[in-house]
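Colleague: File run-v2.cif follows (mmCIF, C-alpha atoms):
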data_start
#
loop_
_atom_site.group_PDB
_atom_site.id
_atom_site.type_symbol
_atom_site.label_atom_id
_atom_site.label_comp_id
_atom_site.auth_asym_id
_atom_site.auth_seq_id
_atom_site.Cartn_x
_atom_site.Cartn_y
_atom_site.Cartn_z
ATOM 1 C CA MET A 1 -59.847 14.949 -6.117
ATOM 2 C CA SER A 2 -59.778 11.446 -7.487
ATOM 3 C CA ALA A 3 -57.907 12.640 -10.609
ATOM 4 C CA ILE A 4 -55.323 14.441 -8.494
ATOM 5 C CA ALA A 5 -54.872 11.422 -6.255
ATOM 6 C CA ALA A 6 -54.422 9.190 -9.297
ATOM 7 C CA SER A 7 -51.790 11.500 -10.797
ATOM 8 C CA MET A 8 -49.614 11.619 -7.639
ATOM 9 C CA PRO A 9 -48.172 8.056 -7.931
ATOM 10 C CA LEU A 10 -47.416 8.728 -11.600
ATOM 11 C CA ALA A 11 -45.502 11.930 -10.750
ATOM 12 C CA LYS A 12 -43.579 10.142 -8.019
ATOM 13 C CA SER A 13 -42.615 7.324 -10.391
ATOM 14 C CA LYS A 14 -41.406 9.830 -13.004
ATOM 15 C CA ALA A 15 -39.347 11.696 -10.385
ATOM 16 C CA GLY A 16 -37.876 8.410 -9.178
ATOM 17 C CA ALA A 17 -37.002 7.420 -12.756
ATOM 18 C CA ARG A 18 -35.246 10.763 -13.302
ATOM 19 C CA LEU A 19 -33.264 10.325 -10.101
ATOM 20 C CA ARG A 20 -32.230 6.815 -11.124
ATOM 21 C CA ARG A 21 -31.137 8.042 -14.563
ATOM 22 C CA ARG A 22 -29.096 10.838 -12.992
ATOM 23 C CA PHE A 23 -27.517 8.400 -10.562
ATOM 24 C CA LEU A 24 -26.598 5.979 -13.339
ATOM 25 C CA LEU A 25 -25.267 8.818 -15.482
ATOM 26 C CA GLY A 26 -23.161 10.046 -12.576
ATOM 27 C CA ARG A 27 -21.717 6.569 -12.026
ATOM 28 C CA VAL A 28 -20.958 6.158 -15.730
ATOM 29 C CA LEU A 29 -19.182 9.528 -15.837
ATOM 30 C CA SER A 30 -17.261 8.728 -12.645
ATOM 31 C CA TYR A 31 -16.059 5.359 -13.925
ATOM 32 C CA THR A 32 -15.184 6.887 -17.312
ATOM 33 C CA ALA A 33 -13.096 9.611 -15.655
ATOM 34 C CA LEU A 34 -11.435 6.987 -13.432
ATOM 35 C CA ALA A 35 -10.628 4.787 -16.435
ATOM 36 C CA ILE A 36 -9.099 7.745 -18.303
ATOM 37 C CA ALA A 37 -7.005 8.675 -15.252
ATOM 38 C CA VAL A 38 -5.760 5.087 -14.840
ATOM 39 C CA LEU A 39 -4.916 4.936 -18.551
ATOM 40 C CA LEU A 40 -2.949 8.193 -18.383
ATOM 41 C CA VAL A 41 -0.995 6.941 -15.372
ATOM 42 C CA LEU A 42 -0.318 3.385 -16.533
ATOM 43 C CA PHE A 43 0.354 3.951 -20.225
ATOM 44 C CA PRO A 44 3.824 5.547 -19.744
ATOM 45 C CA ILE A 45 4.792 2.614 -17.513
ATOM 46 C CA TYR A 46 3.508 0.149 -20.091
ATOM 47 C CA TRP A 47 5.367 1.966 -22.884
ATOM 48 C CA MET A 48 8.577 1.981 -20.841
ATOM 49 C CA ILE A 49 8.405 -1.778 -20.225
ATOM 50 C CA ILE A 50 7.461 -2.614 -23.816
ATOM 51 C CA THR A 51 10.224 -0.422 -25.260
ATOM 52 C CA SER A 52 12.808 -2.104 -23.040
ATOM 53 C CA LEU A 53 11.822 -5.455 -24.582
ATOM 54 C CA LYS A 54 12.026 -4.361 -28.232
ATOM 55 C CA LEU A 55 14.787 -4.776 -30.772
ATOM 56 C CA PRO A 56 16.490 -1.531 -31.883
ATOM 57 C CA ARG A 57 14.990 -1.706 -35.364
ATOM 58 C CA GLU A 58 11.494 -1.861 -33.856
ATOM 59 C CA ILE A 59 12.152 1.034 -31.470
ATOM 60 C CA TYR A 60 13.241 3.447 -34.199
ATOM 61 C CA ARG A 61 10.598 2.287 -36.644
ATOM 62 C CA VAL A 62 6.931 3.301 -36.593
ATOM 63 C CA PRO A 63 5.869 2.979 -32.932
ATOM 64 C CA ALA A 64 3.896 -0.155 -32.143
ATOM 65 C CA LEU A 65 1.968 -0.979 -28.986
ATOM 66 C CA TRP A 66 3.225 -4.566 -29.050
ATOM 67 C CA PRO A 67 6.699 -5.754 -30.158
ATOM 68 C CA ARG A 68 6.978 -8.375 -32.855
ATOM 69 C CA THR A 69 9.938 -9.965 -31.099
ATOM 70 C CA PHE A 70 10.627 -9.864 -27.374
ATOM 71 C CA THR A 71 14.268 -9.560 -26.385
ATOM 72 C CA LEU A 72 16.363 -9.026 -23.259
ATOM 73 C CA ASP A 73 19.315 -7.606 -25.181
ATOM 74 C CA ASN A 74 18.736 -4.123 -23.766
ATOM 75 C CA TYR A 75 19.017 -5.429 -20.208
ATOM 76 C CA GLN A 76 22.097 -7.422 -21.141
ATOM 77 C CA LYS A 77 23.790 -4.340 -22.615
ATOM 78 C CA LEU A 78 22.919 -2.279 -19.566
ATOM 79 C CA LEU A 79 24.108 -4.796 -16.985
ATOM 80 C CA SER A 80 27.049 -6.308 -18.863
ATOM 81 C CA ASP A 81 29.771 -4.202 -17.183
ATOM 82 C CA GLY A 82 28.118 -4.110 -13.738
ATOM 83 C CA GLN A 83 28.340 -0.313 -13.410
ATOM 84 C CA PHE A 84 24.591 0.184 -13.383
ATOM 85 C CA LEU A 85 24.195 -2.265 -10.515
ATOM 86 C CA VAL A 86 26.804 -0.245 -8.624
ATOM 87 C CA ALA A 87 24.725 2.866 -9.282
ATOM 88 C CA ILE A 88 21.621 1.098 -7.941
ATOM 89 C CA ARG A 89 23.579 0.133 -4.816
ATOM 90 C CA ASN A 90 24.741 3.730 -4.365
ATOM 91 C CA SER A 91 21.173 5.007 -4.706
ATOM 92 C CA LEU A 92 19.973 2.518 -2.107
ATOM 93 C CA ILE A 93 22.713 3.573 0.326
ATOM 94 C CA VAL A 94 22.025 7.279 -0.148
ATOM 95 C CA SER A 95 18.220 7.007 -0.072
ATOM 96 C CA PHE A 96 18.000 4.753 2.986
ATOM 97 C CA THR A 97 20.566 6.799 4.913
ATOM 98 C CA VAL A 98 18.855 10.092 4.104
ATOM 99 C CA THR A 99 15.459 8.641 5.031
ATOM 100 C CA ILE A 100 16.584 7.237 8.390
ATOM 101 C CA ILE A 101 18.505 10.353 9.466
ATOM 102 C CA SER A 102 15.781 12.692 8.236
ATOM 103 C CA VAL A 103 12.981 10.853 10.056
ATOM 104 C CA ILE A 104 14.962 10.713 13.323
ATOM 105 C CA ILE A 105 16.010 14.376 13.372
ATOM 106 C CA SER A 106 12.700 15.717 12.066
ATOM 107 C CA SER A 107 10.781 13.736 14.709
ATOM 108 C CA PHE A 108 12.653 15.538 17.497
ATOM 109 C CA ALA A 109 12.378 18.899 15.729
ATOM 110 C CA ALA A 110 8.671 18.588 14.943
ATOM 111 C CA TYR A 111 7.820 17.426 18.454
ATOM 112 C CA SER A 112 9.682 20.326 20.040
ATOM 113 C CA MET A 113 7.892 22.842 17.814
ATOM 114 C CA VAL A 114 4.476 21.330 18.578
ATOM 115 C CA ARG A 115 4.754 20.767 22.342
ATOM 116 C CA PHE A 116 7.366 23.241 23.639
ATOM 117 C CA ARG A 117 7.008 26.998 23.843
ATOM 118 C CA TYR A 118 10.079 29.113 23.201
ATOM 119 C CA ARG A 119 10.995 32.358 21.547
ATOM 120 C CA PHE A 120 10.958 32.521 17.750
ATOM 121 C CA ARG A 121 9.184 29.171 17.460
ATOM 122 C CA GLY A 122 6.814 30.499 14.790
ATOM 123 C CA PHE A 123 9.668 32.127 12.926
ATOM 124 C CA VAL A 124 11.627 28.870 12.914
ATOM 125 C CA GLY A 125 8.589 27.023 11.556
ATOM 126 C CA ARG A 126 8.147 29.498 8.715
ATOM 127 C CA LEU A 127 11.873 29.394 8.038
ATOM 128 C CA LEU A 128 11.679 25.618 7.618
ATOM 129 C CA LEU A 129 8.873 26.002 5.109
ATOM 130 C CA PHE A 130 10.761 28.679 3.160
ATOM 131 C CA ALA A 131 13.867 26.466 3.152
ATOM 132 C CA TYR A 132 11.851 23.656 1.590
ATOM 133 C CA LEU A 133 10.269 25.956 -0.987
ATOM 134 C CA THR A 134 13.643 27.311 -2.135
ATOM 135 C CA PRO A 135 14.405 25.737 -5.552
ATOM 136 C CA SER A 136 17.442 23.481 -5.592
ATOM 137 C CA SER A 137 18.450 25.033 -8.925
ATOM 138 C CA LEU A 138 19.277 28.240 -7.024
ATOM 139 C CA LEU A 139 21.405 26.492 -4.418
ATOM 140 C CA PHE A 140 23.433 23.905 -6.291
ATOM 141 C CA ILE A 141 26.325 26.313 -6.950
ATOM 142 C CA PRO A 142 26.674 27.472 -3.290
ATOM 143 C CA LEU A 143 26.272 23.878 -2.113
ATOM 144 C CA SER A 144 28.931 22.642 -4.517
ATOM 145 C CA ILE A 145 31.322 25.326 -3.244
ATOM 146 C CA VAL A 146 30.622 24.392 0.381
ATOM 147 C CA MET A 147 31.110 20.695 -0.341
ATOM 148 C CA ALA A 148 34.387 21.448 -2.136
ATOM 149 C CA GLN A 149 35.615 23.509 0.832
ATOM 150 C CA LEU A 150 34.712 20.673 3.202
ATOM 151 C CA ARG A 151 36.338 18.156 0.834
ATOM 152 C CA LEU A 152 33.099 16.192 0.621
ATOM 153 C CA GLY A 153 32.644 16.511 -3.122
ATOM 154 C CA ASN A 154 32.436 13.378 -5.265
ATOM 155 C CA SER A 155 31.402 11.238 -2.305
ATOM 156 C CA LEU A 156 28.203 9.561 -1.193
ATOM 157 C CA PHE A 157 28.597 11.098 2.266
ATOM 158 C CA GLY A 158 28.635 14.600 0.799
ATOM 159 C CA LEU A 159 25.591 13.766 -1.322
ATOM 160 C CA ILE A 160 23.762 12.537 1.779
ATOM 161 C CA MET A 161 24.560 15.772 3.626
ATOM 162 C CA VAL A 162 23.241 17.855 0.726
ATOM 163 C CA TYR A 163 20.043 15.818 0.407
ATOM 164 C CA LEU A 164 19.390 16.256 4.127
ATOM 165 C CA THR A 165 19.304 20.038 3.691
ATOM 166 C CA PHE A 166 16.207 19.578 1.516
ATOM 167 C CA SER A 167 14.545 16.571 3.162
ATOM 168 C CA LEU A 168 14.714 17.769 6.778
ATOM 169 C CA PRO A 169 12.558 20.904 6.328
ATOM 170 C CA LEU A 170 9.832 18.953 4.511
ATOM 171 C CA SER A 171 9.877 16.069 6.995
ATOM 172 C CA THR A 172 9.719 18.429 9.972
ATOM 173 C CA TRP A 173 6.883 20.438 8.470
ATOM 174 C CA LEU A 174 4.823 17.343 7.679
ATOM 175 C CA LEU A 175 5.383 15.653 11.035
ATOM 176 C CA GLN A 176 4.122 18.703 12.900
ATOM 177 C CA GLY A 177 0.651 18.003 11.529
ATOM 178 C CA TYR A 178 0.695 14.405 12.726
ATOM 179 C CA PHE A 179 2.062 15.239 16.180
ATOM 180 C CA ARG A 180 -0.620 17.896 16.704
ATOM 181 C CA GLY A 181 -3.214 15.151 16.302
ATOM 182 C CA VAL A 182 -1.928 13.289 19.360
ATOM 183 C CA PRO A 183 -4.029 14.434 22.373
ATOM 184 C CA ARG A 184 -2.088 16.198 25.085
ATOM 185 C CA GLU A 185 -4.076 14.278 27.686
ATOM 186 C CA VAL A 186 -2.514 10.998 26.552
ATOM 187 C CA GLU A 187 0.972 12.440 26.971
ATOM 188 C CA GLU A 188 0.125 13.917 30.375
ATOM 189 C CA GLN A 189 -1.216 10.563 31.519
ATOM 190 C CA GLY A 190 2.025 8.921 30.431
ATOM 191 C CA MET A 191 4.072 11.467 32.375
ATOM 192 C CA ILE A 192 1.892 10.880 35.450
ATOM 193 C CA ASP A 193 2.711 7.174 35.111
ATOM 194 C CA GLY A 194 6.420 8.026 35.296
ATOM 195 C CA LEU A 195 7.471 8.538 31.676
ATOM 196 C CA THR A 196 9.968 11.235 30.832
ATOM 197 C CA ARG A 197 9.439 13.582 27.917
ATOM 198 C CA LEU A 198 11.625 11.311 25.739
ATOM 199 C CA GLY A 199 9.665 8.305 26.968
ATOM 200 C CA VAL A 200 6.435 10.006 25.961
ATOM 201 C CA LEU A 201 7.856 10.696 22.513
ATOM 202 C CA PHE A 202 9.128 7.158 21.902
ATOM 203 C CA ARG A 203 6.380 5.174 23.609
ATOM 204 C CA ILE A 204 3.272 7.254 22.878
ATOM 205 C CA VAL A 205 3.668 9.918 20.195
ATOM 206 C CA LEU A 206 5.714 7.990 17.648
ATOM 207 C CA PRO A 207 3.595 4.796 17.776
ATOM 208 C CA LEU A 208 0.388 6.836 17.407
ATOM 209 C CA SER A 209 1.930 8.744 14.494
ATOM 210 C CA ALA A 210 3.297 5.638 12.740
ATOM 211 C CA PRO A 211 1.221 6.081 9.527
ATOM 212 C CA GLY A 212 2.385 9.685 9.225
ATOM 213 C CA ILE A 213 6.014 8.729 9.828
ATOM 214 C CA ALA A 214 5.723 6.027 7.173
ATOM 215 C CA ALA A 215 4.305 8.547 4.685
ATOM 216 C CA VAL A 216 7.102 11.029 5.447
ATOM 217 C CA ALA A 217 9.714 8.277 5.080
ATOM 218 C CA ILE A 218 8.319 7.272 1.681
ATOM 219 C CA PHE A 219 8.314 10.878 0.463
ATOM 220 C CA THR A 220 11.898 11.325 1.647
ATOM 221 C CA PHE A 221 13.089 8.082 0.069
ATOM 222 C CA THR A 222 11.398 8.930 -3.233
ATOM 223 C CA GLY A 223 12.922 12.406 -3.335
ATOM 224 C CA ALA A 224 16.425 11.115 -2.638
ATOM 225 C CA TRP A 225 16.059 8.248 -5.121
ATOM 226 C CA ASN A 226 14.892 10.440 -8.015
ATOM 227 C CA GLU A 227 17.187 13.444 -7.500
ATOM 228 C CA LEU A 228 19.484 14.201 -10.458
ATOM 229 C CA LEU A 229 20.609 17.843 -10.517
ATOM 230 C CA LEU A 230 22.666 17.875 -7.316
ATOM 231 C CA ALA A 231 24.141 14.453 -8.059
ATOM 232 C CA LEU A 232 25.123 15.679 -11.522
ATOM 233 C CA VAL A 233 26.953 18.653 -9.990
ATOM 234 C CA LEU A 234 28.604 16.903 -7.043
ATOM 235 C CA ILE A 235 29.478 13.449 -8.391
ATOM 236 C CA THR A 236 32.175 13.028 -11.021
ATOM 237 C CA SER A 237 33.483 9.522 -10.358
ATOM 238 C CA GLU A 238 31.805 6.617 -12.116
ATOM 239 C CA SER A 239 31.946 4.475 -8.983
ATOM 240 C CA GLN A 240 29.957 7.075 -6.999
ATOM 241 C CA ARG A 241 27.117 7.607 -9.454
ATOM 242 C CA THR A 242 23.511 7.094 -8.438
ATOM 243 C CA ALA A 243 20.881 5.439 -10.634
ATOM 244 C CA PRO A 244 19.448 8.654 -12.204
ATOM 245 C CA LEU A 245 22.994 9.855 -12.864
ATOM 246 C CA ALA A 246 23.951 6.555 -14.493
ATOM 247 C CA LEU A 247 20.915 6.790 -16.754
ATOM 248 C CA ASN A 248 21.852 10.344 -17.681
ATOM 249 C CA TYR A 249 25.351 9.254 -18.723
ATOM 250 C CA LEU A 250 23.902 6.650 -21.091
ATOM 251 C CA ILE A 251 23.096 9.591 -23.390
ATOM 252 C CA THR A 252 26.118 10.487 -25.477
ATOM 253 C CA SER A 253 25.963 13.630 -27.589
ATOM 254 C CA ASP A 254 22.642 13.517 -29.449
ATOM 255 C CA VAL A 255 22.382 9.709 -29.484
ATOM 256 C CA LEU A 256 19.573 8.322 -27.333
ATOM 257 C CA PRO A 257 19.850 4.550 -26.752
ATOM 258 C CA TRP A 258 16.172 4.102 -25.997
ATOM 259 C CA GLY A 259 16.410 0.379 -25.352
ATOM 260 C CA PRO A 260 19.020 0.496 -22.539
ATOM 261 C CA LEU A 261 17.490 3.724 -21.240
ATOM 262 C CA MET A 262 14.082 2.128 -20.843
ATOM 263 C CA ALA A 263 15.637 -1.002 -19.355
ATOM 264 C CA GLY A 264 17.455 1.163 -16.811
ATOM 265 C CA ALA A 265 14.243 3.053 -16.062
ATOM 266 C CA VAL A 266 12.420 -0.221 -15.409
ATOM 267 C CA ILE A 267 15.139 -1.456 -13.047
ATOM 268 C CA SER A 268 15.301 1.920 -11.292
ATOM 269 C CA SER A 269 11.542 1.931 -10.803
ATOM 270 C CA LEU A 270 11.403 -1.478 -9.153
ATOM 271 C CA PRO A 271 12.553 -0.399 -5.647
ATOM 272 C CA LEU A 272 10.010 2.415 -5.568
ATOM 273 C CA MET A 273 7.218 0.168 -6.836
ATOM 274 C CA ILE A 274 8.036 -2.455 -4.211
ATOM 275 C CA LEU A 275 8.210 0.201 -1.488
ATOM 276 C CA TYR A 276 4.855 1.723 -2.410
ATOM 277 C CA PHE A 277 3.232 -1.691 -2.755
ATOM 278 C CA VAL A 278 4.421 -2.791 0.691
ATOM 279 C CA ALA A 279 3.651 0.511 2.437
ATOM 280 C CA GLN A 280 0.519 1.601 0.564
ATOM 281 C CA ARG A 281 -1.707 1.005 3.580
ATOM 282 C CA PHE A 282 0.453 3.262 5.761
ATOM 283 C CA MET A 283 0.737 5.783 2.941
ATOM 284 C CA VAL A 284 -3.020 6.205 2.552
ATOM 285 C CA ALA A 285 -3.593 6.328 6.314
ATOM 286 C CA GLY A 286 -0.786 8.837 6.787
ATOM 287 C CA LEU A 287 -2.012 11.173 4.072
ATOM 288 C CA ALA A 288 -5.571 11.017 5.420
ATOM 289 C CA ASP A 289 -4.457 11.737 8.987
ATOM 290 C CA GLY A 290 -2.231 14.583 7.922
ATOM 291 C CA SER A 291 -4.969 16.229 5.853
ATOM 292 C CA VAL A 292 -7.329 16.221 8.852
ATOM 293 C CA LYS A 293 -4.960 16.910 11.732
ATOM 294 C CA GLY A 294 -2.562 19.326 10.092
#
Can you present the structure in this file as structure tokens?
Modeller:
Amino acid sequence: MSAIAASMPLAKSKAGARLRRRFLLGRVLSYTALAIAVLLVLFPIYWMIITSLKLPREIYRVPALWPRTFTLDNYQKLLSDGQFLVAIRNSLIVSFTVTIISVIISSFAAYSMVRFRYRFRGFVGRLLLFAYLTPSSLLFIPLSIVMAQLRLGNSLFGLIMVYLTFSLPLSTWLLQGYFRGVPREVEEQGMIDGLTRLGVLFRIVLPLSAPGIAAVAIFTFTGAWNELLLALVLITSESQRTAPLALNYLITSDVLPWGPLMAGAVISSLPLMILYFVAQRFMVAGLADGSVKG
């Protein structure tokens, strides 16, 4: 008995040592995987910035992780005629307008589908999802014909209308998940206190769903900012080009001016980086709420 009793603390210490080793190994593997993921995400951004600061002879030579000479010539070439700044302005106008209109309309649509009961409500919800899942590459020809018939081609207003056909279904579908998370009892209490249905929406539902609305707005803005195919089809005038379209037109034939291209990519990325940096708290909260409540 004494031998068994003496061996028990030794066994426990060995088991504890194994558990500690496994824990440390798990942490090392987790941090290694995290470091690799961060490297994969940040390296293209780093390469884009570094390339925009290189001389042409260094860009087309053997690739180097650090330029021998830093230069702003690529930015000067890109911004010298002012057309790229016009494209940035056009992208801001289109993206902000699409985001605001999409959030407003989809808020009403999502709330009606969550709280009201009417015929074909489920069918309408599935139709919205199918509309979002339809590839834009299948619709750009019909949309271009419709825009030409309405005489809205080659205009920012026409581009906004086209972008709304893709952003509204996604925004409505996402907001349904957030609105379902608002307790009905809170809305009923507000109506007992004298609020109308619109008052309940504006004073209770929307404030409680603010993180989700912020996440939907960021998704919508990002989609409108980065879109190229429809802009390439609908916009022909240089003064109406958006930022991705202006970058695309920097490529002439088979010549790729990597310096100005990377400089334009850096400038085009700044609004999105600023937006995500400012709204990251709402973005994380909105995604977490939507994953639980939807």
Colleague: For the provided coordinates, the residues matched by the PyMOL selection byres ((chain A and resi 74) around 12) should be stated as a PyMOL selection string.
Modeller: chain A and resi 49-56+59+70-73+75-80+257-267
Colleague: Applying 10 Å and all atoms listed in the file, which residues near Ser112 in chain A remain after dropping the ones on its own chain fewer than 5 positions away? List them as a CSV table (one decimal) with C-alpha atoms, in the coordinates of the input.
Modeller:
chain,number,residue,atom,x,y,z
A,106,SER,CA,12.7,15.7,12.1
A,107,SER,CA,10.8,13.7,14.7
A,117,ARG,CA,7.0,27.0,23.8
A,118,TYR,CA,10.1,29.1,23.2
A,121,ARG,CA,9.2,29.2,17.5
A,176,GLN,CA,4.1,18.7,12.9
A,179,PHE,CA,2.1,15.2,16.2
Colleague: Taking only C-alpha atoms into account, name the residue in A:Leu206, A:Met147, A:Val94, A:Met273 that is nearest to Ile45 in chain A.
Modeller: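 For Ile45 in chain A, the nearest of the given residues is A:Met273.
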Colleague: What's the 9 Å shell around Phe108 in chain A, counting only C-alpha atoms, without same-chain residues fewer than 5 positions away, as an mmCIF file with C-alpha atoms, keeping the file's coordinate frame?
Modeller:
data_model
loop_
_atom_site.group_PDB
_atom_site.id
_atom_site.type_symbol
_atom_site.label_atom_id
_atom_site.label_comp_id
_atom_site.auth_asym_id
_atom_site.auth_seq_id
_atom_site.Cartn_x
_atom_site.Cartn_y
_atom_site.Cartn_z
ATOM 1 C CA VAL A 103 12.981 10.853 10.056
ATOM 2 C CA MET A 113 7.892 22.842 17.814
ATOM 3 C CA THR A 172 9.719 18.429 9.972
ATOM 4 C CA LEU A 201 7.856 10.696 22.513
#
Colleague: Care to translate the PyMOL selection byres ((chain A and resi 170) around 10) into actual residues of this file, as an MDAnalysis selection string?
Modeller: chainID A and resid 102 106 128:133 164:169 171:175 216 219:220
Colleague: Write out as a list in words which residues come within 8 Å of Leu230 in chain A when counting all atoms listed in the file, dropping same-chain ones fewer than 2 positions away.
Modeller: Ser136, Phe140, Leu159, Glu227, Leu228, Leu232, Val233 and Leu234 of chain A
Colleague: Between CA of Tyr46 in chain A and CA of Leu65 in chain A, what distance in Å does the model show, to one decimal?
Modeller: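 These two atoms are separated by 9.1 Å.
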Colleague: Choose the residue, out of A:Ala231, A:Ala215, A:Val41, A:Leu152, that has the smallest atom-to-atom separation from Ala246 in chain A; count only C-alpha atoms.
Modeller: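 Residue with the minimum atom-to-atom distance to Ala246 in chain A: A:Ala231.
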Colleague: Quote the spacing between CA of Ile218 in chain A and CA of Gly125 in chain A in Å to one decimal place.
Modeller: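 Distance between the two atoms: 22.1 Å.
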Colleague: Between A:Glu238, A:Gly153, A:Leu39, A:Phe202, which one has atoms that come closest to Leu250 in chain A, using all atoms listed in the file?
Modeller: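 Among the listed residues, A:Glu238 lies closest to Leu250 in chain A.
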Colleague: I'd like the interatomic distance between CA of Leu208 in chain A and CA of Thr97 in chain A, to a tenth of an Å.
Modeller: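 So the two atoms, CA of Leu208 in chain A and CA of Thr97 in chain A, lie 23.7 Å apart.
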Colleague: Which is closest to Val98 in chain A among A:Leu85, A:Leu138, A:Leu34, A:Met161, if we use all atoms listed in the file?
Modeller: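 Checking each candidate against Val98 in chain A, we get A:Met161 as the closest.
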Colleague: Considering all atoms listed in the file, can you say which of A:Leu229, A:Ile104, A:Leu198, A:Leu19 comes closest to Leu245 in chain A?
Modeller: A:Leu229
Colleague: For a quick check of understanding, using all atoms listed in the file, which of A:Ile145, A:Phe116, A:Arg180, A:Ile274 has the smallest distance to Gly212 in chain A?
Modeller: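 Of all the options, A:Arg180 lies closest to Gly212 in chain A.
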Colleague: Convert the output of the PyMOL selection byres ((chain A and resi 243) around 6) on the shown file into explicit residues, formatted as a list of chain:residue names.
Modeller: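 Listing what the PyMOL selection byres ((chain A and resi 243) around 6) selects in the shown file: A:Ala87, A:Ile88, A:Ser91, A:Thr242, A:Pro244, A:Leu245, A:Ala246.
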Colleague: Mind rebuilding range 246-251 of chain A with all heavy atoms and writing that out as a short mmCIF file (atom, residue, chain, number, x, y, z; two decimals), keeping the file's coordinate frame?
Modeller:
data_model
loop_
_atom_site.label_atom_id
_atom_site.label_comp_id
_atom_site.auth_asym_id
_atom_site.auth_seq_id
_atom_site.Cartn_x
_atom_site.Cartn_y
_atom_site.Cartn_z
N ALA A 246 23.49 7.58 -13.55
CA ALA A 246 23.95 6.56 -14.49
C ALA A 246 23.08 6.54 -15.75
O ALA A 246 23.60 6.38 -16.87
CB ALA A 246 23.94 5.19 -13.82
N LEU A 247 21.79 6.71 -15.59
CA LEU A 247 20.92 6.79 -16.75
C LEU A 247 21.24 8.01 -17.60
O LEU A 247 21.21 7.96 -18.83
CB LEU A 247 19.45 6.84 -16.31
CG LEU A 247 18.84 5.53 -15.79
CD1 LEU A 247 17.43 5.78 -15.28
CD2 LEU A 247 18.83 4.47 -16.87
N ASN A 248 21.53 9.12 -16.94
CA ASN A 248 21.85 10.34 -17.68
C ASN A 248 23.11 10.17 -18.52
O ASN A 248 23.20 10.68 -19.65
CB ASN A 248 22.03 11.49 -16.69
CG ASN A 248 22.37 12.81 -17.37
OD1 ASN A 248 21.52 13.45 -17.98
ND2 ASN A 248 23.63 13.23 -17.27
N TYR A 249 24.09 9.44 -18.00
CA TYR A 249 25.35 9.25 -18.72
C TYR A 249 25.25 8.21 -19.84
O TYR A 249 26.21 8.02 -20.59
CB TYR A 249 26.47 8.88 -17.76
CG TYR A 249 27.09 10.07 -17.09
CD1 TYR A 249 26.80 10.40 -15.77
CD2 TYR A 249 27.98 10.90 -17.77
CE1 TYR A 249 27.36 11.50 -15.16
CE2 TYR A 249 28.55 12.01 -17.17
CZ TYR A 249 28.23 12.30 -15.86
OH TYR A 249 28.79 13.40 -15.25
N LEU A 250 24.10 7.53 -19.94
CA LEU A 250 23.90 6.65 -21.09
C LEU A 250 23.71 7.45 -22.37
O LEU A 250 23.92 6.93 -23.47
CB LEU A 250 22.68 5.75 -20.87
CG LEU A 250 22.82 4.63 -19.82
CD1 LEU A 250 21.50 3.89 -19.69
CD2 LEU A 250 23.93 3.67 -20.20
N ILE A 251 23.32 8.72 -22.23
CA ILE A 251 23.10 9.59 -23.39
C ILE A 251 24.43 10.21 -23.79
O ILE A 251 25.06 10.92 -23.01
CB ILE A 251 22.08 10.69 -23.07
CG1 ILE A 251 20.76 10.07 -22.59
CG2 ILE A 251 21.85 11.59 -24.27
CD1 ILE A 251 19.76 11.09 -22.08
#
